[in-house]
Amino acid sequence: MATTRILEWLGRLYIWLLLAFLYLPIVIMALMSFNVSPFYQLPFEWTTEWYASLWQNDQLISATWNSIEIAIITTIICVVLGSAASLALFRYEFRGKKFLQALLFPPIAIPWLITGTAMLIFFFGVGIGRGLFAILLGHVALALPYVIVVVSARLQTFAPELEEAARSLGANQWQVTSRVTLPWIMPGVIAGGLFAFAVSFDQFVVSYFLSTPGQTTLPVEIYAAIRKGFTPEINAVSTIIIVVSMALMLLTARFFKFGGEK
Amino acid sequence: MAGVQVSSLSRSFGAHKALDDVSIDFADGGFYALLGPSGSGKTTLLRQIAGFDFPDSGRIAIGGESVERVPVEKRRIGMVFQNYALFPNMSVADNVAFGLSVRGEPKATIASEVQRALDLVQLGKLGGRRPHQLSGGQRQRVALARAIVTKPRVLLLDEPLGALDKALRVDMQIELKRIQREIGITTIFVTHDQEEALTMSDRIGILRDGRLVQEGPPEDIYDSPKSEFAATFLGDANILRGETTGTGIRLPDGTAIAAGAGATLAAGAKASCAVRPERIRIAADSGGADQANGNVLRGQVSKRIFAGNNSTYFVERDGQTLKVIVQNTGIERLAEGQEVVLRWSPESTVLIAAN
């Protein structure tokens, strides 16, 4: 019994070390965003001055709004296209289906640096160039596979007989989808949407390649600001982003757990 | 309500002939079982009648109207699925209401029809529950209520009792039969359980490899099977093989078996005789002379299985094991290893052409 207790204790220690490893840098950064000294000097003195000056930083604020807008539009487009694609892949057998499904995964694995370069060349080639529209297109392309993967995973738990049952009761294709299939995959659709939002909102590399000085997103703007000189404002904005992102990810986890239930 | 006529229906999936020229007439208001092993085409046939899949050739008529190209949602059928397929995101009442609701019926009509259907399956008080809060038998009833509330022309059941345990299955068999009689709907029931087919249906169609092997009332098929397959698939049967003498067969060792029923065959052809295990009388071999009429075989008991109300004897004879079922009348019990005589009448013997 003593060994069990030691193992239990080691297990707990391991969890705490893991959490510390994951969160300690973030916690320190968050604390420093409330510290008076811009050079991480202790003792800690509470202030919200960095948040106040962040509010005065028009460039950061405009970039933040750009990021939010692009993330929302990306989410909407990806959810609609991705859910429709998942349903098609689930329902129909057609030539090249396996090939198409296999092609969905590589974009997730290809380094963003390379995707970004490719997009830059391509967008210049077709005349779209750089700017917010190019960034939006890039984000949609990056996030779409995530939505398809997540919604498809949810659809794997869907019994096709449910659609057959609905049809046998006289429901047409639209009624089957809206009243039986969509309600079932909704947790997956929401989780996929949150993923798409996170992929877009956190995206740096592709946005960096496709942005122009006036048309940029928050991560790119932060990077530019750090290159000019580090200020605790960056800690402040980073803290805000972390809080928002983590809230989104916790929501995702919550909906995805729903996905595991029957 | 309407009868269903299936004529010369064929359907292949690649090289596999799932249905091969099947014709059956399902009478209006009848309870029909489609019986067969897995892969026999019974479910394919049911799905064709439902309209989930279209035939390569042949005709399906419901109430005299050709429907073989009409999609399922326009066929006005009711279907109960093997795993019930209840909508998990809806309450029991909403599940039952679904068919009326997609049709755009007024809310008041829906509510009263749903309540009537739930009352019919004795779930009147459970309308507010979710499917996952119900037992297997209750889900089964909800699925049935959902299928009949739209007043379909025909009710299709795909192994609806397969997921229930034995005792519940017997209850549901009786219940299903009662409901079917009450609303008088033409019912087609797919099962691989011969007992279920025998006890529930007015007529049985036995399928094998996509073909209809035999079709008729349960008693007819049981008493005069037309093939070894029908004889052994519906109930138990001892099959004796030999050459026909015209009115029976001669076994390889020369013993004659007289048959009182079955096919008329030209003498000399290969044929078999089928005898039900409960039709054979078994007695210890006392060495006496045999009576003139009646079939007699001698053998040795290799195994006895006591099942309370009856015993099954396995009797070895000329390399073949015969099965004999004896009601427990308390008169005589035979031991394993004992020499026995088996006797049965020609009327209990069905002559079957070799297949």
# chains A, B, ... in the order shown; residues from 1 in each chain; ligands from 1
$ interface_residues --of "chain A" --to "chain B" --cutoff "6 Å" --atoms "only C-alpha atoms" --output "VMD selection string"
chain A and resid 161 to 162 167 to 171
$ residues_around --residues "Tyr146 (chain A)" --least-positions-apart "6" --cutoff "8 Å" --atoms "only C-alpha atoms" --output "PyMOL selection string"
chain A and resi 108+192+195-196
$ residues_around --residues "region 228-240 of chain A" --least-positions-apart "5" --cutoff "12 Å" --atoms "only C-alpha atoms" --output "MDAnalysis selection string"
chainID A and resid 25:41 47:57 60:61 63:64 202 218:219 221:223 245:247
$ write_last_selection --atoms "N, CA and C atoms" --output "short mmCIF file (atom, residue, chain, number, x, y, z; two decimals), in the first residue's frame"
data_model
loop_
_atom_site.label_atom_id
_atom_site.label_comp_id
_atom_site.auth_asym_id
_atom_site.auth_seq_id
_atom_site.Cartn_x
_atom_site.Cartn_y
_atom_site.Cartn_z
N PRO A 25 5.59 30.72 -17.35
CA PRO A 25 6.00 31.89 -18.14
C PRO A 25 4.83 32.83 -18.40
N ILE A 26 3.67 32.24 -18.65
CA ILE A 26 2.49 33.05 -18.96
C ILE A 26 2.07 33.84 -17.73
N VAL A 27 2.10 33.16 -16.57
CA VAL A 27 1.69 33.83 -15.34
C VAL A 27 2.64 34.99 -15.03
N ILE A 28 3.93 34.74 -15.22
CA ILE A 28 4.92 35.81 -14.94
C ILE A 28 4.66 37.00 -15.87
N MET A 29 4.41 36.69 -17.16
CA MET A 29 4.16 37.77 -18.10
C MET A 29 2.91 38.56 -17.71
N ALA A 30 1.89 37.81 -17.31
CA ALA A 30 0.65 38.49 -16.92
C ALA A 30 0.88 39.38 -15.70
N LEU A 31 1.66 38.86 -14.74
CA LEU A 31 1.96 39.65 -13.55
C LEU A 31 2.73 40.91 -13.92
N MET A 32 3.72 40.74 -14.84
CA MET A 32 4.55 41.88 -15.20
C MET A 32 3.76 42.96 -15.94
N SER A 33 2.65 42.56 -16.56
CA SER A 33 1.84 43.56 -17.24
C SER A 33 1.15 44.47 -16.22
N PHE A 34 1.15 44.02 -14.96
CA PHE A 34 0.57 44.86 -13.90
C PHE A 34 1.66 45.47 -13.02
N ASN A 35 2.95 45.32 -13.41
CA ASN A 35 4.06 45.82 -12.59
C ASN A 35 4.49 47.20 -13.10
N VAL A 36 4.80 48.07 -12.16
CA VAL A 36 5.17 49.44 -12.52
C VAL A 36 6.44 49.46 -13.35
N SER A 37 7.46 48.68 -12.91
CA SER A 37 8.75 48.73 -13.60
C SER A 37 8.66 48.09 -14.97
N PRO A 38 9.11 48.79 -16.02
CA PRO A 38 9.11 48.21 -17.35
C PRO A 38 10.25 47.22 -17.55
N PHE A 39 11.14 47.08 -16.56
CA PHE A 39 12.32 46.21 -16.72
C PHE A 39 12.25 45.01 -15.78
N TYR A 40 11.03 44.59 -15.47
CA TYR A 40 10.82 43.41 -14.63
C TYR A 40 11.48 43.54 -13.27
N GLN A 41 11.57 44.77 -12.74
CA GLN A 41 12.22 44.91 -11.46
C GLN A 41 11.25 44.63 -10.33
N THR A 47 0.01 48.24 -11.04
CA THR A 47 -0.43 49.36 -11.84
C THR A 47 -1.25 48.86 -13.02
N THR A 48 -2.12 49.70 -13.55
CA THR A 48 -2.82 49.35 -14.77
C THR A 48 -2.42 50.33 -15.87
N GLU A 49 -1.30 51.00 -15.63
CA GLU A 49 -0.87 52.06 -16.56
C GLU A 49 -0.60 51.50 -17.95
N TRP A 50 -0.07 50.27 -18.04
CA TRP A 50 0.25 49.70 -19.35
C TRP A 50 -1.01 49.41 -20.16
N TYR A 51 -2.05 49.00 -19.41
CA TYR A 51 -3.34 48.77 -20.10
C TYR A 51 -3.92 50.09 -20.59
N ALA A 52 -3.71 51.15 -19.78
CA ALA A 52 -4.22 52.47 -20.16
C ALA A 52 -3.49 52.97 -21.41
N SER A 53 -2.17 52.78 -21.43
CA SER A 53 -1.43 53.29 -22.59
C SER A 53 -1.71 52.44 -23.82
N LEU A 54 -2.04 51.17 -23.58
CA LEU A 54 -2.43 50.30 -24.69
C LEU A 54 -3.66 50.89 -25.38
N TRP A 55 -4.57 51.39 -24.55
CA TRP A 55 -5.81 51.99 -25.05
C TRP A 55 -5.52 53.19 -25.95
N GLN A 56 -4.37 53.88 -25.73
CA GLN A 56 -4.00 55.05 -26.53
C GLN A 56 -3.31 54.66 -27.84
N ASN A 57 -2.90 53.40 -27.92
CA ASN A 57 -2.11 52.96 -29.07
C ASN A 57 -3.04 52.61 -30.24
N LEU A 60 -2.20 49.52 -32.48
CA LEU A 60 -2.54 48.23 -31.88
C LEU A 60 -4.04 47.99 -31.90
N ILE A 61 -4.79 49.06 -31.60
CA ILE A 61 -6.24 48.90 -31.54
C ILE A 61 -6.81 48.60 -32.92
N ALA A 63 -5.25 47.21 -35.37
CA ALA A 63 -4.83 45.85 -35.73
C ALA A 63 -5.69 44.82 -35.00
N THR A 64 -6.04 45.13 -33.74
CA THR A 64 -6.90 44.21 -32.99
C THR A 64 -8.25 44.05 -33.67
N ASP A 202 -4.80 33.72 -33.92
CA ASP A 202 -3.42 33.52 -33.46
C ASP A 202 -2.42 33.50 -34.60
N LEU A 218 -3.21 41.82 -35.39
CA LEU A 218 -2.61 42.04 -34.08
C LEU A 218 -1.27 41.32 -33.88
N PRO A 219 -1.18 40.03 -34.16
CA PRO A 219 0.12 39.37 -33.94
C PRO A 219 1.24 40.02 -34.74
N GLU A 221 1.36 43.14 -35.70
CA GLU A 221 1.60 44.46 -35.09
C GLU A 221 2.45 44.32 -33.83
N ILE A 222 2.17 43.26 -33.05
CA ILE A 222 2.94 43.03 -31.82
C ILE A 222 4.40 42.77 -32.19
N TYR A 223 4.58 41.95 -33.20
CA TYR A 223 5.94 41.62 -33.64
C TYR A 223 6.68 42.90 -34.05
N SER A 245 -7.92 33.71 -25.78
CA SER A 245 -7.63 32.45 -26.45
C SER A 245 -7.92 31.26 -25.53
N MET A 246 -7.51 31.41 -24.26
CA MET A 246 -7.73 30.29 -23.35
C MET A 246 -9.21 30.07 -23.09
N ALA A 247 -9.95 31.15 -23.03
CA ALA A 247 -11.39 31.02 -22.85
C ALA A 247 -11.98 30.27 -24.05
#
$ closest_residue --among "A:Ala165, A:Ala225, A:Ile114, A:Leu104" --to "Ala85 (chain A)" --atoms "only C-alpha atoms"
A:Leu104
$ residues_around --residues "Gly254 (chain B)" --least-positions-apart "2" --cutoff "12 Å" --atoms "only C-alpha atoms" --output "count of residues only"
13
$ closest_residue --among "A:Ala71, A:Leu87, A:Val244, A:Ile76" --to "Val149 (chain A)" --atoms "only C-alpha atoms"
A:Leu87
$ select_by_dssp --residues "region 9-217 of chain A" --states "helix (DSSP H, G or I)" --output "ChimeraX atom specification"
/A:9-32,49-56,58-91,97-104,106-109,112-126,132-155,160-168,173-201,205-210
$ residues_around --residues "Leu142 (chain A)" --least-positions-apart "2" --cutoff "9 Å" --atoms "only C-alpha atoms" --output "list of chain:residue names"
A:Pro107, A:Ile108, A:Trp112, A:Thr115, A:Leu137, A:Gly138, A:His139, A:Val140, A:Leu144, A:Pro145, A:Tyr146, A:Ala196, A:Val199, A:Ser200
$ write_last_selection --atoms "C-alpha atoms" --output "short mmCIF file (atom, residue, chain, number, x, y, z; two decimals), in the first residue's frame"
data_model
loop_
_atom_site.label_atom_id
_atom_site.label_comp_id
_atom_site.auth_asym_id
_atom_site.auth_seq_id
_atom_site.Cartn_x
_atom_site.Cartn_y
_atom_site.Cartn_z
CA PRO A 107 -2.16 21.54 -45.22
CA ILE A 108 -2.25 21.02 -41.45
CA TRP A 112 3.04 27.94 -42.28
CA THR A 115 2.21 27.99 -47.05
CA LEU A 137 -8.36 34.15 -47.93
CA GLY A 138 -5.19 32.73 -46.40
CA HIS A 139 -6.83 32.20 -43.02
CA VAL A 140 -9.83 30.46 -44.58
CA LEU A 144 -10.90 24.94 -43.30
CA PRO A 145 -9.18 21.53 -42.86
CA TYR A 146 -9.50 21.84 -39.07
CA ALA A 196 -11.12 28.22 -36.97
CA VAL A 199 -6.26 29.50 -36.05
CA SER A 200 -7.11 32.86 -37.61
#
$ atom_distance --atom1 "CA of Ser348 (chain B)" --atom2 "CA of Asp223 (chain B)"
8.1 Å
$ select_by_dssp --residues "region 205-278 of chain B" --states "strand (DSSP E or B)" --output "JSON, numbers by chain"
{"B": [205, 206, 207, 208, 211, 212, 213, 214, 215, 216, 238, 239, 240, 241, 242, 243, 244, 248, 249, 250, 256, 257, 258, 261, 262, 270, 271, 272, 273, 274, 275]}
$ write_last_selection --atoms "N, CA and C atoms" --output "JSON list (two decimals), in the first residue's frame"
[["chain", "number", "residue", "atom", "x", "y", "z"],
["B", 205, "GLY", "N", -41.87, -15.99, -45.99],
["B", 205, "GLY", "CA", -41.09, -16.18, -47.20],
["B", 205, "GLY", "C", -39.66, -16.49, -46.79],
["B", 206, "ILE", "N", -39.14, -17.63, -47.24],
["B", 206, "ILE", "CA", -37.77, -17.98, -46.88],
["B", 206, "ILE", "C", -36.85, -17.61, -48.04],
["B", 207, "LEU", "N", -35.83, -16.84, -47.72],
["B", 207, "LEU", "CA", -34.88, -16.41, -48.75],
["B", 207, "LEU", "C", -33.52, -17.04, -48.52],
["B", 208, "ARG", "N", -32.85, -17.28, -49.65],
["B", 208, "ARG", "CA", -31.49, -17.79, -49.58],
["B", 208, "ARG", "C", -30.75, -17.33, -50.82],
["B", 211, "ARG", "N", -32.63, -15.49, -53.48],
["B", 211, "ARG", "CA", -33.79, -16.10, -54.14],
["B", 211, "ARG", "C", -34.83, -16.48, -53.10],
["B", 212, "LEU", "N", -36.10, -16.47, -53.55],
["B", 212, "LEU", "CA", -37.18, -16.91, -52.67],
["B", 212, "LEU", "C", -37.23, -18.44, -52.75],
["B", 213, "VAL", "N", -36.95, -19.09, -51.62],
["B", 213, "VAL", "CA", -36.88, -20.55, -51.59],
["B", 213, "VAL", "C", -38.27, -21.16, -51.49],
["B", 214, "GLN", "N", -39.05, -20.62, -50.58],
["B", 214, "GLN", "CA", -40.41, -21.12, -50.38],
["B", 214, "GLN", "C", -41.23, -20.06, -49.69],
["B", 215, "GLU", "N", -42.54, -20.11, -49.92],
["B", 215, "GLU", "CA", -43.40, -19.05, -49.41],
["B", 215, "GLU", "C", -44.74, -19.67, -49.07],
["B", 216, "GLY", "N", -45.30, -19.29, -47.93],
["B", 216, "GLY", "CA", -46.61, -19.83, -47.57],
["B", 216, "GLY", "C", -46.88, -19.66, -46.09],
["B", 238, "ASN", "N", -34.44, -33.96, -39.51],
["B", 238, "ASN", "CA", -33.49, -35.00, -39.86],
["B", 238, "ASN", "C", -33.59, -35.22, -41.36],
["B", 239, "ILE", "N", -32.45, -35.16, -42.03],
["B", 239, "ILE", "CA", -32.44, -35.35, -43.47],
["B", 239, "ILE", "C", -31.80, -36.70, -43.78],
["B", 240, "LEU", "N", -32.57, -37.56, -44.47],
["B", 240, "LEU", "CA", -32.04, -38.86, -44.89],
["B", 240, "LEU", "C", -31.89, -38.81, -46.40],
["B", 241, "ARG", "N", -30.70, -39.17, -46.91],
["B", 241, "ARG", "CA", -30.49, -39.05, -48.35],
["B", 241, "ARG", "C", -30.37, -40.43, -49.00],
["B", 242, "GLY", "N", -30.91, -40.53, -50.22],
["B", 242, "GLY", "CA", -30.82, -41.79, -50.95],
["B", 242, "GLY", "C", -31.35, -41.64, -52.35],
["B", 243, "GLU", "N", -31.84, -42.76, -52.91],
["B", 243, "GLU", "CA", -32.44, -42.72, -54.25],
["B", 243, "GLU", "C", -33.94, -42.89, -54.13],
["B", 244, "THR", "N", -34.70, -42.20, -54.96],
["B", 244, "THR", "CA", -36.15, -42.30, -54.84],
["B", 244, "THR", "C", -36.65, -43.64, -55.37],
["B", 248, "GLY", "N", -40.91, -42.82, -51.89],
["B", 248, "GLY", "CA", -40.02, -42.70, -50.75],
["B", 248, "GLY", "C", -38.59, -42.78, -51.23],
["B", 249, "ILE", "N", -37.69, -43.16, -50.36],
["B", 249, "ILE", "CA", -36.31, -43.32, -50.81],
["B", 249, "ILE", "C", -35.74, -44.64, -50.28],
["B", 250, "ARG", "N", -34.65, -45.05, -50.93],
["B", 250, "ARG", "CA", -33.90, -46.19, -50.45],
["B", 250, "ARG", "C", -32.55, -45.65, -49.99],
["B", 256, "ALA", "N", -35.60, -49.07, -46.85],
["B", 256, "ALA", "CA", -36.57, -48.23, -47.54],
["B", 256, "ALA", "C", -37.22, -47.29, -46.54],
["B", 257, "ILE", "N", -37.39, -46.02, -46.96],
["B", 257, "ILE", "CA", -38.11, -45.04, -46.15],
["B", 257, "ILE", "C", -39.31, -44.60, -46.96],
["B", 258, "ALA", "N", -40.49, -44.74, -46.39],
["B", 258, "ALA", "CA", -41.71, -44.35, -47.10],
["B", 258, "ALA", "C", -42.08, -42.92, -46.74],
["B", 261, "ALA", "N", -45.72, -37.46, -47.96],
["B", 261, "ALA", "CA", -45.95, -36.09, -48.41],
["B", 261, "ALA", "C", -44.77, -35.65, -49.26],
["B", 262, "GLY", "N", -44.94, -34.56, -49.95],
["B", 262, "GLY", "CA", -43.84, -33.96, -50.69],
["B", 262, "GLY", "C", -43.92, -34.19, -52.17],
["B", 270, "LYS", "N", -31.71, -38.99, -57.26],
["B", 270, "LYS", "CA", -31.27, -38.70, -55.90],
["B", 270, "LYS", "C", -32.32, -37.85, -55.21],
["B", 271, "ALA", "N", -32.60, -38.16, -53.94],
["B", 271, "ALA", "CA", -33.60, -37.39, -53.20],
["B", 271, "ALA", "C", -33.35, -37.54, -51.71],
["B", 272, "SER", "N", -34.07, -36.78, -50.94],
["B", 272, "SER", "CA", -33.93, -36.94, -49.49],
["B", 272, "SER", "C", -35.30, -36.91, -48.84],
["B", 273, "CYS", "N", -35.32, -37.41, -47.63],
["B", 273, "CYS", "CA", -36.53, -37.37, -46.83],
["B", 273, "CYS", "C", -36.26, -36.54, -45.59],
["B", 274, "ALA", "N", -37.23, -35.71, -45.22],
["B", 274, "ALA", "CA", -37.08, -34.90, -44.02],
["B", 274, "ALA", "C", -38.08, -35.36, -42.98],
["B", 275, "VAL", "N", -37.61, -35.53, -41.73],
["B", 275, "VAL", "CA", -38.48, -35.92, -40.63],
["B", 275, "VAL", "C", -38.21, -34.99, -39.45]]
$ atom_distance --atom1 "CA of Ile68 (chain A)" --atom2 "CA of Phe201 (chain A)"
6.8 Å
$ residues_around --residues "Ser345 (chain B)" --least-positions-apart "4" --cutoff "7 Å" --atoms "only C-alpha atoms" --output "MDAnalysis selection string"
chainID B and resid 294:295 349
$ write_last_selection --atoms "C-alpha atoms" --output "compact mmCIF listing (two decimals), in the first residue's frame"
# COMPACT_ATOMS: atom_id res chain seq x y z
CA GLY B 294 -44.21 -47.30 -40.84
CA ASN B 295 -40.56 -46.35 -41.07
CA THR B 349 -41.98 -37.95 -43.85
$ residues_around --residues "Pro225 (chain B)" --least-positions-apart "2" --cutoff "8 Å" --atoms "only C-alpha atoms" --output "PDB file with C-alpha atoms, in the first residue's frame"
ATOM      1  CA  GLN B 214     -40.407 -21.121 -50.376  1.00  0.00           C
ATOM      2  CA  ASP B 220     -47.453 -25.419 -44.635  1.00  0.00           C
ATOM      3  CA  ILE B 221     -43.753 -24.662 -44.777  1.00  0.00           C
ATOM      4  CA  TYR B 222     -43.100 -26.521 -41.551  1.00  0.00           C
ATOM      5  CA  ASP B 223     -45.126 -29.587 -42.537  1.00  0.00           C
ATOM      6  CA  SER B 227     -36.093 -28.165 -49.990  1.00  0.00           C
ATOM      7  CA  GLU B 228     -33.558 -29.384 -47.456  1.00  0.00           C
ATOM      8  CA  ALA B 230     -36.391 -24.862 -45.971  1.00  0.00           C
ATOM      9  CA  ALA B 231     -36.693 -27.999 -43.838  1.00  0.00           C
ATOM     10  CA  GLY B 262     -43.836 -33.963 -50.690  1.00  0.00           C
ATOM     11  CA  VAL B 350     -41.525 -35.372 -46.606  1.00  0.00           C
ATOM     12  CA  ILE B 352     -37.612 -33.657 -51.226  1.00  0.00           C
TER      13      ILE B 352
END
$ atom_distance --atom1 "CA of Phe26 (chain B)" --atom2 "CA of Ser38 (chain B)"
21.8 Å
$ closest_residue --among "B:Thr255, B:Thr329, B:Thr109, B:Ser57" --to "Asn310 (chain B)" --atoms "only C-alpha atoms"
B:Thr329
$ closest_residue --among "B:Val70, B:Gly210, B:Val154, B:Gln194" --to "Ser40 (chain B)" --atoms "only C-alpha atoms"
B:Gly210
$ closest_residue --among "B:Ile174, B:Val92, B:Ala18, B:Ile183" --to "Leu155 (chain B)" --atoms "only C-alpha atoms"
B:Ile183
$ decode --residues "region 71-98 of chain B" --atoms "N, CA and C atoms" --output "PDB file, in the first residue's frame"
ATOM      1  N   PRO B  71     -38.894   7.671 -54.429  1.00  0.00           N
ATOM      2  CA  PRO B  71     -38.000   7.666 -53.264  1.00  0.00           C
ATOM      3  C   PRO B  71     -38.765   7.447 -51.961  1.00  0.00           C
ATOM      4  N   VAL B  72     -38.033   6.989 -50.964  1.00  0.00           N
ATOM      5  CA  VAL B  72     -38.643   6.562 -49.699  1.00  0.00           C
ATOM      6  C   VAL B  72     -39.551   7.625 -49.094  1.00  0.00           C
ATOM      7  N   GLU B  73     -39.129   8.898 -49.166  1.00  0.00           N
ATOM      8  CA  GLU B  73     -39.913   9.928 -48.460  1.00  0.00           C
ATOM      9  C   GLU B  73     -41.289  10.156 -49.092  1.00  0.00           C
ATOM     10  N   LYS B  74     -41.472   9.638 -50.314  1.00  0.00           N
ATOM     11  CA  LYS B  74     -42.777   9.823 -50.969  1.00  0.00           C
ATOM     12  C   LYS B  74     -43.595   8.529 -50.994  1.00  0.00           C
ATOM     13  N   ARG B  75     -43.093   7.440 -50.353  1.00  0.00           N
ATOM     14  CA  ARG B  75     -43.781   6.160 -50.487  1.00  0.00           C
ATOM     15  C   ARG B  75     -44.862   5.923 -49.460  1.00  0.00           C
ATOM     16  N   ARG B  76     -44.892   6.761 -48.432  1.00  0.00           N
ATOM     17  CA  ARG B  76     -45.854   6.595 -47.333  1.00  0.00           C
ATOM     18  C   ARG B  76     -45.770   5.179 -46.727  1.00  0.00           C
ATOM     19  N   ILE B  77     -44.589   4.886 -46.235  1.00  0.00           N
ATOM     20  CA  ILE B  77     -44.385   3.632 -45.522  1.00  0.00           C
ATOM     21  C   ILE B  77     -43.981   3.990 -44.093  1.00  0.00           C
ATOM     22  N   GLY B  78     -44.074   3.008 -43.209  1.00  0.00           N
ATOM     23  CA  GLY B  78     -43.575   3.205 -41.859  1.00  0.00           C
ATOM     24  C   GLY B  78     -42.494   2.164 -41.638  1.00  0.00           C
ATOM     25  N   MET B  79     -41.392   2.576 -41.027  1.00  0.00           N
ATOM     26  CA  MET B  79     -40.324   1.598 -40.865  1.00  0.00           C
ATOM     27  C   MET B  79     -39.802   1.618 -39.436  1.00  0.00           C
ATOM     28  N   VAL B  80     -39.545   0.428 -38.919  1.00  0.00           N
ATOM     29  CA  VAL B  80     -38.905   0.299 -37.605  1.00  0.00           C
ATOM     30  C   VAL B  80     -37.540  -0.331 -37.839  1.00  0.00           C
ATOM     31  N   PHE B  81     -36.508   0.352 -37.340  1.00  0.00           N
ATOM     32  CA  PHE B  81     -35.141  -0.099 -37.599  1.00  0.00           C
ATOM     33  C   PHE B  81     -34.649  -1.005 -36.488  1.00  0.00           C
ATOM     34  N   GLN B  82     -33.624  -1.783 -36.857  1.00  0.00           N
ATOM     35  CA  GLN B  82     -33.066  -2.761 -35.934  1.00  0.00           C
ATOM     36  C   GLN B  82     -32.610  -2.114 -34.617  1.00  0.00           C
ATOM     37  N   ASN B  83     -31.940  -0.957 -34.725  1.00  0.00           N
ATOM     38  CA  ASN B  83     -31.474  -0.282 -33.503  1.00  0.00           C
ATOM     39  C   ASN B  83     -32.400   0.879 -33.149  1.00  0.00           C
ATOM     40  N   TYR B  84     -33.629   0.823 -33.635  1.00  0.00           N
ATOM     41  CA  TYR B  84     -34.702   1.787 -33.361  1.00  0.00           C
ATOM     42  C   TYR B  84     -34.527   3.129 -34.062  1.00  0.00           C
ATOM     43  N   ALA B  85     -33.261   3.624 -34.150  1.00  0.00           N
ATOM     44  CA  ALA B  85     -32.996   4.899 -34.833  1.00  0.00           C
ATOM     45  C   ALA B  85     -33.897   6.026 -34.319  1.00  0.00           C
ATOM     46  N   LEU B  86     -34.028   6.124 -33.005  1.00  0.00           N
ATOM     47  CA  LEU B  86     -34.764   7.259 -32.437  1.00  0.00           C
ATOM     48  C   LEU B  86     -33.863   8.490 -32.495  1.00  0.00           C
ATOM     49  N   PHE B  87     -34.474   9.656 -32.732  1.00  0.00           N
ATOM     50  CA  PHE B  87     -33.689  10.885 -32.811  1.00  0.00           C
ATOM     51  C   PHE B  87     -33.250  11.278 -31.406  1.00  0.00           C
ATOM     52  N   PRO B  88     -31.935  11.251 -31.134  1.00  0.00           N
ATOM     53  CA  PRO B  88     -31.480  11.436 -29.751  1.00  0.00           C
ATOM     54  C   PRO B  88     -31.697  12.858 -29.228  1.00  0.00           C
ATOM     55  N   ASN B  89     -31.804  13.823 -30.159  1.00  0.00           N
ATOM     56  CA  ASN B  89     -31.935  15.217 -29.723  1.00  0.00           C
ATOM     57  C   ASN B  89     -33.393  15.612 -29.481  1.00  0.00           C
ATOM     58  N   MET B  90     -34.300  14.652 -29.613  1.00  0.00           N
ATOM     59  CA  MET B  90     -35.721  14.983 -29.436  1.00  0.00           C
ATOM     60  C   MET B  90     -36.332  14.138 -28.320  1.00  0.00           C
ATOM     61  N   SER B  91     -37.386  14.682 -27.720  1.00  0.00           N
ATOM     62  CA  SER B  91     -38.133  13.923 -26.712  1.00  0.00           C
ATOM     63  C   SER B  91     -38.902  12.804 -27.413  1.00  0.00           C
ATOM     64  N   VAL B  92     -39.434  11.902 -26.610  1.00  0.00           N
ATOM     65  CA  VAL B  92     -40.230  10.801 -27.148  1.00  0.00           C
ATOM     66  C   VAL B  92     -41.386  11.346 -27.992  1.00  0.00           C
ATOM     67  N   ALA B  93     -42.095  12.342 -27.441  1.00  0.00           N
ATOM     68  CA  ALA B  93     -43.241  12.909 -28.164  1.00  0.00           C
ATOM     69  C   ALA B  93     -42.786  13.549 -29.483  1.00  0.00           C
ATOM     70  N   ASP B  94     -41.655  14.255 -29.461  1.00  0.00           N
ATOM     71  CA  ASP B  94     -41.163  14.893 -30.688  1.00  0.00           C
ATOM     72  C   ASP B  94     -40.728  13.856 -31.712  1.00  0.00           C
ATOM     73  N   ASN B  95     -40.160  12.750 -31.234  1.00  0.00           N
ATOM     74  CA  ASN B  95     -39.822  11.661 -32.136  1.00  0.00           C
ATOM     75  C   ASN B  95     -41.068  11.172 -32.870  1.00  0.00           C
ATOM     76  N   VAL B  96     -42.118  10.924 -32.090  1.00  0.00           N
ATOM     77  CA  VAL B  96     -43.345  10.399 -32.682  1.00  0.00           C
ATOM     78  C   VAL B  96     -43.980  11.457 -33.585  1.00  0.00           C
ATOM     79  N   ALA B  97     -43.832  12.726 -33.194  1.00  0.00           N
ATOM     80  CA  ALA B  97     -44.468  13.808 -33.957  1.00  0.00           C
ATOM     81  C   ALA B  97     -43.751  14.096 -35.269  1.00  0.00           C
ATOM     82  N   PHE B  98     -42.525  13.621 -35.412  1.00  0.00           N
ATOM     83  CA  PHE B  98     -41.677  14.034 -36.536  1.00  0.00           C
ATOM     84  C   PHE B  98     -42.359  13.900 -37.899  1.00  0.00           C
TER      85      PHE B  98
END
